[in-house]
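Text of model-v3.txt (compact mmCIF, C-alpha atoms) as supplied:
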```
# COMPACT_ATOMS: atom_id res chain seq x y z
CA MET A 1 -22.28 5.10 28.04
CA LEU A 2 -18.58 4.92 28.91
CA GLU A 3 -18.77 1.14 29.17
CA ALA A 4 -20.38 0.92 25.74
CA ARG A 5 -17.75 3.19 24.28
CA ASN A 6 -14.95 1.06 25.74
CA LEU A 7 -16.50 -2.00 24.12
CA LEU A 8 -16.55 -0.21 20.79
CA MET A 9 -12.90 0.73 21.19
CA THR A 10 -11.96 -2.95 21.41
CA LYS A 11 -13.67 -3.95 18.16
CA THR A 12 -11.17 -5.01 15.52
CA VAL A 13 -11.93 -4.62 11.81
CA LEU A 14 -9.96 -6.20 8.95
CA ILE A 15 -10.50 -4.60 5.53
CA THR A 16 -8.99 -5.96 2.32
CA GLY A 17 -7.99 -3.50 -0.38
CA ALA A 18 -7.71 -0.56 2.02
CA SER A 19 -5.04 1.54 0.34
CA ARG A 20 -7.56 3.52 -1.75
CA GLY A 21 -11.21 3.84 -2.75
CA ILE A 22 -13.96 2.24 -0.71
CA GLY A 23 -11.52 0.41 1.54
CA LEU A 24 -9.50 3.48 2.45
CA THR A 25 -12.53 5.72 3.01
CA THR A 26 -14.21 3.08 5.16
CA ALA A 27 -11.06 2.47 7.19
CA CYS A 28 -10.66 6.18 7.93
CA LEU A 29 -14.32 6.52 8.96
CA LEU A 30 -14.15 3.51 11.28
CA VAL A 31 -10.96 4.82 12.89
CA GLU A 32 -12.76 8.12 13.55
CA GLN A 33 -15.57 6.16 15.20
CA GLY A 34 -13.19 4.39 17.57
CA TYR A 35 -12.69 1.05 15.87
CA LYS A 36 -9.29 -0.61 15.67
CA VAL A 37 -8.71 -1.05 11.94
CA TRP A 38 -6.28 -3.23 10.04
CA GLY A 39 -6.15 -2.68 6.31
CA THR A 40 -4.40 -4.62 3.58
CA SER A 41 -2.71 -3.94 0.29
CA ARG A 42 -0.64 -5.99 -2.12
CA HIS A 43 2.00 -3.25 -1.93
CA PRO A 44 1.65 -1.41 1.40
CA ASP A 45 5.07 0.25 1.03
CA LEU A 46 3.90 1.93 -2.18
CA ASN A 47 0.57 3.00 -0.69
CA PRO A 48 1.26 4.55 2.73
CA VAL A 49 -1.74 5.46 4.87
CA SER A 50 -2.13 7.13 8.23
CA GLY A 51 -4.41 6.30 11.14
CA PHE A 52 -4.39 2.53 10.79
CA ASP A 53 -2.02 -0.34 10.07
CA LEU A 54 -1.69 -1.55 6.47
CA LEU A 55 -0.54 -5.16 6.10
CA PRO A 56 0.73 -6.91 2.97
CA LEU A 57 -1.86 -9.26 1.48
CA ASP A 58 -2.56 -10.97 -1.82
CA VAL A 59 -6.01 -12.54 -1.52
CA ARG A 60 -5.11 -14.88 -4.40
CA ASN A 61 -2.47 -16.61 -2.29
CA ASP A 62 -3.26 -19.05 0.54
CA ASP A 63 -0.04 -18.39 2.46
CA SER A 64 -0.46 -14.62 2.20
CA VAL A 65 -4.01 -14.85 3.58
CA LYS A 66 -2.92 -17.14 6.42
CA THR A 67 -0.04 -14.85 7.41
CA CYS A 68 -2.23 -11.72 7.33
CA VAL A 69 -4.99 -13.16 9.49
CA GLU A 70 -2.53 -14.68 11.96
CA THR A 71 -0.73 -11.33 12.25
CA VAL A 72 -3.96 -9.49 13.14
CA LEU A 73 -4.95 -12.17 15.65
CA GLU A 74 -1.51 -12.11 17.29
CA ARG A 75 -1.47 -8.31 17.61
CA ALA A 76 -5.15 -7.61 18.32
CA GLY A 77 -6.31 -10.88 19.84
CA HIS A 78 -9.53 -11.02 17.85
CA ILE A 79 -11.23 -10.06 14.59
CA ASP A 80 -14.77 -8.80 15.03
CA VAL A 81 -15.47 -7.57 11.50
CA LEU A 82 -14.14 -8.77 8.14
CA ILE A 83 -14.81 -6.52 5.14
CA ASN A 84 -14.02 -8.28 1.86
CA ASN A 85 -13.44 -5.31 -0.41
CA ALA A 86 -10.43 -6.12 -2.65
CA GLY A 87 -11.40 -6.32 -6.30
CA VAL A 88 -10.40 -5.76 -9.92
CA SER A 89 -12.31 -5.40 -13.18
CA LEU A 90 -11.78 -6.60 -16.74
CA GLY A 91 -12.92 -4.52 -19.69
CA GLY A 92 -13.95 -6.09 -22.99
CA ALA A 93 -16.46 -8.49 -24.46
CA VAL A 94 -16.87 -11.78 -22.61
CA GLU A 95 -15.63 -13.71 -25.65
CA GLU A 96 -12.49 -11.59 -25.79
CA ALA A 97 -11.38 -12.69 -22.31
CA SER A 98 -9.10 -15.69 -22.13
CA LEU A 99 -9.75 -18.40 -19.56
CA ASP A 100 -6.59 -17.27 -17.77
CA GLU A 101 -7.88 -13.69 -17.56
CA ALA A 102 -11.24 -14.93 -16.28
CA HIS A 103 -9.49 -17.14 -13.74
CA GLN A 104 -7.36 -14.25 -12.47
CA LEU A 105 -10.39 -12.00 -12.00
CA PHE A 106 -12.28 -14.67 -10.08
CA GLU A 107 -9.20 -15.39 -7.95
CA THR A 108 -9.40 -11.84 -6.59
CA ASN A 109 -13.11 -11.04 -6.68
CA PHE A 110 -14.57 -14.39 -5.63
CA PHE A 111 -12.06 -16.98 -4.47
CA GLY A 112 -10.18 -14.30 -2.54
CA VAL A 113 -13.34 -13.67 -0.54
CA ILE A 114 -13.63 -17.38 0.22
CA ARG A 115 -9.98 -17.54 1.33
CA MET A 116 -10.35 -14.60 3.68
CA THR A 117 -13.67 -15.80 5.08
CA ASN A 118 -12.42 -19.33 5.69
CA ALA A 119 -9.32 -17.98 7.42
CA VAL A 120 -11.35 -15.79 9.81
CA LEU A 121 -14.33 -18.05 10.45
CA PRO A 122 -12.71 -20.50 12.91
CA HIS A 123 -11.93 -17.57 15.22
CA MET A 124 -15.41 -16.06 14.86
CA ARG A 125 -17.08 -19.42 15.49
CA ARG A 126 -15.08 -19.87 18.69
CA ALA A 127 -16.01 -16.35 19.78
CA GLY A 128 -19.68 -16.92 18.88
CA ARG A 129 -19.93 -13.57 17.13
CA GLY A 130 -18.67 -11.55 14.19
CA TYR A 131 -19.58 -9.65 11.04
CA ILE A 132 -18.60 -10.54 7.48
CA LEU A 133 -19.35 -7.86 4.90
CA ASN A 134 -18.82 -8.61 1.21
CA ILE A 135 -18.63 -5.71 -1.22
CA GLY A 136 -20.68 -6.68 -4.24
CA SER A 137 -22.09 -4.51 -7.03
CA LEU A 138 -25.34 -3.68 -8.78
CA ALA A 139 -23.61 -5.25 -11.79
CA GLY A 140 -24.15 -8.57 -10.07
CA LEU A 141 -27.90 -7.96 -10.12
CA VAL A 142 -28.48 -7.26 -13.79
CA GLY A 143 -25.34 -8.14 -15.73
CA VAL A 144 -23.47 -5.39 -17.54
CA PRO A 145 -22.05 -5.47 -21.09
CA TYR A 146 -18.29 -5.29 -21.62
CA ILE A 147 -17.48 -5.91 -17.96
CA GLY A 148 -19.31 -9.22 -18.06
CA LEU A 149 -16.82 -11.28 -16.05
CA TYR A 150 -16.78 -8.66 -13.29
CA ALA A 151 -20.59 -8.86 -13.22
CA ALA A 152 -20.41 -12.67 -13.17
CA ALA A 153 -18.04 -12.67 -10.20
CA LYS A 154 -20.30 -10.27 -8.29
CA HIS A 155 -23.32 -12.43 -9.13
CA ALA A 156 -21.47 -15.46 -7.75
CA LEU A 157 -20.55 -13.43 -4.67
CA ALA A 158 -24.22 -12.60 -4.06
CA GLY A 159 -25.19 -16.27 -4.08
CA TYR A 160 -22.25 -17.20 -1.86
CA THR A 161 -23.09 -14.44 0.63
CA ALA A 162 -26.74 -15.47 0.94
CA SER A 163 -25.80 -19.13 1.45
CA LEU A 164 -23.15 -18.22 4.02
CA ARG A 165 -25.67 -16.08 5.91
CA TYR A 166 -28.07 -19.03 6.24
CA GLU A 167 -25.30 -21.22 7.63
CA LEU A 168 -23.75 -18.77 10.09
CA LYS A 169 -26.61 -16.78 11.60
CA SER A 170 -27.36 -19.41 14.27
CA LEU A 171 -23.67 -19.26 15.26
CA GLY A 172 -23.93 -15.55 16.05
CA ILE A 173 -22.15 -14.38 12.88
CA GLN A 174 -23.81 -11.77 10.66
CA VAL A 175 -23.19 -11.91 6.90
CA VAL A 176 -24.11 -8.95 4.70
CA LEU A 177 -23.76 -7.97 1.03
CA ILE A 178 -23.13 -4.31 0.20
CA GLU A 179 -24.10 -3.53 -3.41
CA PRO A 180 -22.94 -0.10 -4.60
CA GLY A 181 -23.78 1.33 -7.96
CA ASP A 182 -21.07 2.95 -10.09
CA ALA A 183 -18.86 4.81 -7.64
CA ARG A 184 -16.00 7.25 -8.05
CA THR A 185 -13.28 4.74 -7.28
CA ALA A 186 -9.99 3.91 -8.94
CA ILE A 187 -10.70 0.18 -9.25
CA THR A 188 -8.16 -1.43 -11.56
CA ASN A 189 -9.88 -2.12 -14.88
CA PHE A 190 -7.60 -4.31 -16.99
CA PRO A 191 -8.37 -4.55 -20.72
CA THR A 192 -8.55 -7.97 -22.31
CA ALA A 193 -5.39 -8.95 -24.18
CA THR A 194 -7.39 -9.87 -27.29
CA GLN A 195 -9.90 -7.76 -29.20
CA ILE A 196 -12.30 -9.16 -31.81
CA ALA A 197 -13.23 -6.85 -34.68
CA ASP A 198 -16.92 -7.74 -34.59
CA TYR A 199 -17.21 -5.97 -31.24
CA ASP A 200 -15.51 -2.76 -32.43
CA GLY A 201 -17.72 0.26 -31.99
CA ALA A 202 -20.08 -1.32 -29.47
CA ARG A 203 -17.14 -2.03 -27.17
CA GLU A 204 -15.95 1.56 -27.29
CA ARG A 205 -19.44 3.00 -26.79
CA ALA A 206 -20.04 0.78 -23.78
CA GLN A 207 -16.65 1.58 -22.30
CA SER A 208 -17.28 5.28 -22.74
CA THR A 209 -20.57 4.86 -20.86
CA HIS A 210 -18.79 2.97 -18.08
CA GLU A 211 -16.21 5.75 -17.74
CA PHE A 212 -18.89 8.42 -17.64
CA ASN A 213 -20.89 6.53 -15.02
CA VAL A 214 -17.85 6.09 -12.78
CA ASN A 215 -16.62 9.66 -13.17
CA ASN A 216 -20.10 11.02 -12.40
CA GLY A 217 -21.23 8.28 -10.06
CA LEU A 218 -21.75 7.71 -6.40
CA GLN A 219 -19.45 9.36 -3.88
CA ILE A 220 -17.59 6.84 -1.73
CA GLU A 221 -18.63 8.30 1.62
CA PRO A 222 -22.23 6.96 1.55
CA ILE A 223 -20.83 3.46 1.01
CA ALA A 224 -18.57 3.83 4.03
CA TYR A 225 -21.44 5.13 6.18
CA THR A 226 -23.60 2.21 5.08
CA ILE A 227 -20.86 -0.18 6.22
CA LEU A 228 -20.70 1.63 9.57
CA LYS A 229 -24.48 1.35 9.89
CA VAL A 230 -24.33 -2.40 9.23
CA ILE A 231 -21.64 -3.25 11.76
CA GLU A 232 -23.41 -1.18 14.43
CA SER A 233 -26.69 -2.99 13.79
CA THR A 234 -27.60 -6.06 15.83
CA HIS A 235 -29.89 -7.41 13.11
CA PRO A 236 -28.61 -6.24 9.71
CA ARG A 237 -30.34 -7.22 6.48
CA LEU A 238 -28.75 -9.47 3.87
CA ARG A 239 -28.51 -6.77 1.17
CA TYR A 240 -27.81 -3.04 1.26
CA SER A 241 -27.87 -1.21 -2.07
CA VAL A 242 -26.04 2.12 -2.17
CA THR A 243 -26.98 4.26 -5.16
CA ALA A 244 -27.20 7.78 -6.52
CA GLY A 245 -29.29 9.29 -9.29
CA GLU A 246 -30.86 6.88 -11.77
CA GLN A 247 -29.01 3.94 -10.25
CA PHE A 248 -31.57 4.04 -7.44
CA TRP A 249 -34.00 2.26 -9.75
CA VAL A 250 -31.75 -0.68 -10.66
CA PRO A 251 -32.69 -2.96 -7.72
CA TRP A 252 -36.39 -2.12 -8.21
CA MET A 253 -36.10 -2.64 -11.95
CA ARG A 254 -34.73 -6.13 -11.35
CA ARG A 255 -37.60 -7.00 -9.03
CA LEU A 256 -40.51 -5.43 -10.89
CA LEU A 257 -39.88 -5.26 -14.64
CA PRO A 258 -40.09 -8.06 -17.23
CA GLU A 259 -36.81 -9.34 -18.66
CA TRP A 260 -37.45 -7.95 -22.15
CA LEU A 261 -37.85 -4.43 -20.79
CA ILE A 262 -34.75 -4.68 -18.59
CA GLU A 263 -32.77 -5.80 -21.63
CA ARG A 264 -34.05 -2.88 -23.71
CA ILE A 265 -33.17 -0.39 -20.96
CA ILE A 266 -29.63 -1.74 -20.60
CA ARG A 267 -29.00 -1.95 -24.35
CA ASN A 268 -30.12 1.67 -24.72
CA ALA A 269 -28.06 2.84 -21.72
CA PHE A 270 -24.87 1.36 -23.19
CA LYS A 271 -25.67 2.31 -26.81
CA LEU A 272 -25.29 -1.28 -27.96
CA ASP A 273 -27.44 -0.74 -31.05
CA GLY A 274 -25.48 2.23 -32.31
```
Take the structure in this file and express it as structure tokens.
Amino acid sequence: MLEARNLLMTKTVLITGASRGIGLTTACLLVEQGYKVWGTSRHPDLNPVSGFDLLPLDVRNDDSVKTCVETVLERAGHIDVLINNAGVSLGGAVEEASLDEAHQLFETNFFGVIRMTNAVLPHMRRAGRGYILNIGSLAGLVGVPYIGLYAAAKHALAGYTASLRYELKSLGIQVVLIEPGDARTAITNFPTATQIADYDGARERAQSTHEFNVNNGLQIEPIAYTILKVIESTHPRLRYSVTAGEQFWVPWMRRLLPEWLIERIIRNAFKLDG
């Protein structure tokens, strides 16, 4: 037992976006369980934490990613678990988003994951082991109105994660997608710079539904405990949905219901028809 505990104490976890929300709660839980945790934030000086080290990182920048990963490897010697958690959202109709706004969202939510993963993978391949956990969303399963680009990025992340899992499993590296429903987090939700009058009314009703779902949604702790469960499992699954209330049915709805009925349910839930 003592030997197993000492092995656990040496495990190093790198979590992006760890100054608040899912990242912070997960980091604190893993520290309590004996893991050595390194978190990241774009502005660590403005977001002090206790119990683990918080490094500066902008996942949109190649040099920033390289410096962060090299710092952890120099100080800890290894990275056993990478949790790609950093993310932003963009509120508004898909048409209202400029290509630059779409590009910026994907730089954080999708390409940032690729940058971090590619930076860590050479070390994990040499070690012959490792865990890569990507924080997706149920929005990536069904598409969600008025945060459509966020849903698109999470959908892309799901496909990327599955493909990566196929490629890395024989190398001893586990790849997992965590898909929470609406959770009580403070994810940055930027509004689009442009608004088109034809979407007035529907946009506001959908946004009000989004706000209600987040404010009354899933507590963060079950997400953190799911992450702990995954990295302590020798044979984790590809997908882990974490839900509360009616969100429990979303993954089953996607698997079992016809498209026309799913569309009707979502349109009614977001009051798109007035």
Near-Leu57 in chain A list (6 Å; all atoms listed in the file; drop same-chain fewer than 3 positions) as a list in words:
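So, after excluding close chain neighbours, the residues are Thr40, Ser41, Arg42 and Ser64 of chain A.
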Each range 94-187 of chain A residue no farther than 12 Å from range 205-229 of chain A, nearest pair in Å, only C-alpha atoms, as a Markdown table:
```
| residue | atom | partner | partner_atom | distance |
| --- | --- | --- | --- | --- |
| A:Tyr131 | CA | A:Ile227 | CA | 10.7 |
| A:Ile132 | CA | A:Ile227 | CA | 10.7 |
| A:Leu133 | CA | A:Ile227 | CA | 7.9 |
| A:Asn134 | CA | A:Ile227 | CA | 10.0 |
| A:Ile135 | CA | A:Ile227 | CA | 9.5 |
| A:Gly136 | CA | A:Ile223 | CA | 11.4 |
| A:Ser137 | CA | A:Ile223 | CA | 11.4 |
| A:Ala139 | CA | A:His210 | CA | 11.4 |
| A:Val144 | CA | A:Ala206 | CA | 9.4 |
| A:Pro145 | CA | A:Ala206 | CA | 7.1 |
| A:Tyr146 | CA | A:Ala206 | CA | 6.7 |
| A:Ile147 | CA | A:Gln207 | CA | 8.7 |
| A:Gly148 | CA | A:Ala206 | CA | 11.5 |
| A:Val175 | CA | A:Ile227 | CA | 12.0 |
| A:Val176 | CA | A:Ile227 | CA | 9.5 |
| A:Leu177 | CA | A:Ile227 | CA | 9.8 |
| A:Ile178 | CA | A:Ile227 | CA | 7.6 |
| A:Glu179 | CA | A:Ile223 | CA | 8.9 |
| A:Pro180 | CA | A:Ile223 | CA | 7.0 |
| A:Gly181 | CA | A:Leu218 | CA | 6.9 |
| A:Asp182 | CA | A:Val214 | CA | 5.2 |
| A:Ala183 | CA | A:Leu218 | CA | 4.3 |
| A:Arg184 | CA | A:Val214 | CA | 5.2 |
| A:Thr185 | CA | A:Val214 | CA | 7.3 |
| A:Ala186 | CA | A:Val214 | CA | 9.0 |
| A:Ile187 | CA | A:Val214 | CA | 9.9 |
```
Would you mind reading off the distance between CA of Cys28 in chain A and CA of Leu54 in chain A, one decimal, in Å?
11.9 Å
Nearest to Ala197 in chain A, chosen from A:Arg126, A:Ala153, A:Gly92, A:Gln247, with all atoms listed in the file counted in the distances
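Nearest to Ala197 in chain A: A:Gly92.
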Rounded to one decimal in Å, what is the spacing between CA of Ile79 in chain A and CA of Ala119 in chain A?
10.9 Å
Name the residues within 10 Å of (-13.2, -4.0, -6.8), counting only C-alpha atoms in the file's coordinates, and put them as number ranges by chain.
A: 17, 21-23, 84-89, 105, 108-109, 135-137, 150, 154, 185-189
Find the residues near Ala97 in chain A: any atom within 9 Å, counting all atoms listed in the file, skip ones fewer than 3 places away on the same chain, and give them as a compact mmCIF listing (two decimals) with C-alpha atoms, in the coordinates of the input.
```
# COMPACT_ATOMS: atom_id res chain seq x y z
CA LEU A 90 -11.78 -6.60 -16.74
CA GLY A 91 -12.92 -4.52 -19.69
CA GLY A 92 -13.95 -6.09 -22.99
CA ALA A 93 -16.46 -8.49 -24.46
CA VAL A 94 -16.87 -11.78 -22.61
CA ASP A 100 -6.59 -17.27 -17.77
CA GLU A 101 -7.88 -13.69 -17.56
CA ALA A 102 -11.24 -14.93 -16.28
CA LEU A 149 -16.82 -11.28 -16.05
CA PRO A 191 -8.37 -4.55 -20.72
CA THR A 192 -8.55 -7.97 -22.31
CA ALA A 193 -5.39 -8.95 -24.18
CA THR A 194 -7.39 -9.87 -27.29
CA GLN A 195 -9.90 -7.76 -29.20
```
Residue with the minimum atom-to-atom distance to Val69 in chain A, picked from A:Tyr35, A:Ile15, A:Gly159, A:Leu24 with all atoms listed in the file counted, is A:Ile15
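With all atoms listed in the file as the atoms that count, the minimum distance from Trp252 in chain A to the choices A:Val142, A:Ala76, A:Arg129, A:Thr117 is reached by A:Val142.
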Pick from A:Ile262, A:Thr16, A:Glu74, A:Phe110: nearest to Pro56 in chain A, with all atoms listed in the file counted?
A:Thr16
Which polymer residues have any atom within 9 Å of an atom of Arg125 in chain A, counting only C-alpha atoms, with same-chain residues fewer than 5 positions away left out, as a ChimeraX atom specification?
/A:120,130,168,171-173
So which residues touch Ser50 in chain A within 12 Å, counting all atoms listed in the file, skipping near sequence neighbours fewer than 2 positions away, as a list in words?
Ala18, Ser19, Arg20, Leu24, Thr25, Ala27, Cys28, Val31, Glu32, Val37, Trp38, Gly39, Pro44, Asn47, Pro48, Phe52, Asp53 and Leu54 of chain A
Mind pulling up the distance from CA of Gln104 in chain A to CA of Asp58 in chain A?
12.1 Å
Judged by all atoms listed in the file, the minimum distance to Phe270 in chain A among A:His43, A:Arg165, A:Arg255, A:Arg203 is found for A:Arg203
Which is closest to His235 in chain A among A:Lys169, A:Pro258, A:Phe106, A:Phe190, if we use all atoms listed in the file?
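So, comparing all the options, the nearest one is A:Lys169.
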Long-range neighbours of Lys11 in chain A as number ranges by chain, 9 Å cut-off, only C-alpha atoms, 3 positions minimum in chain:
A: 7-8, 34-37, 78-81
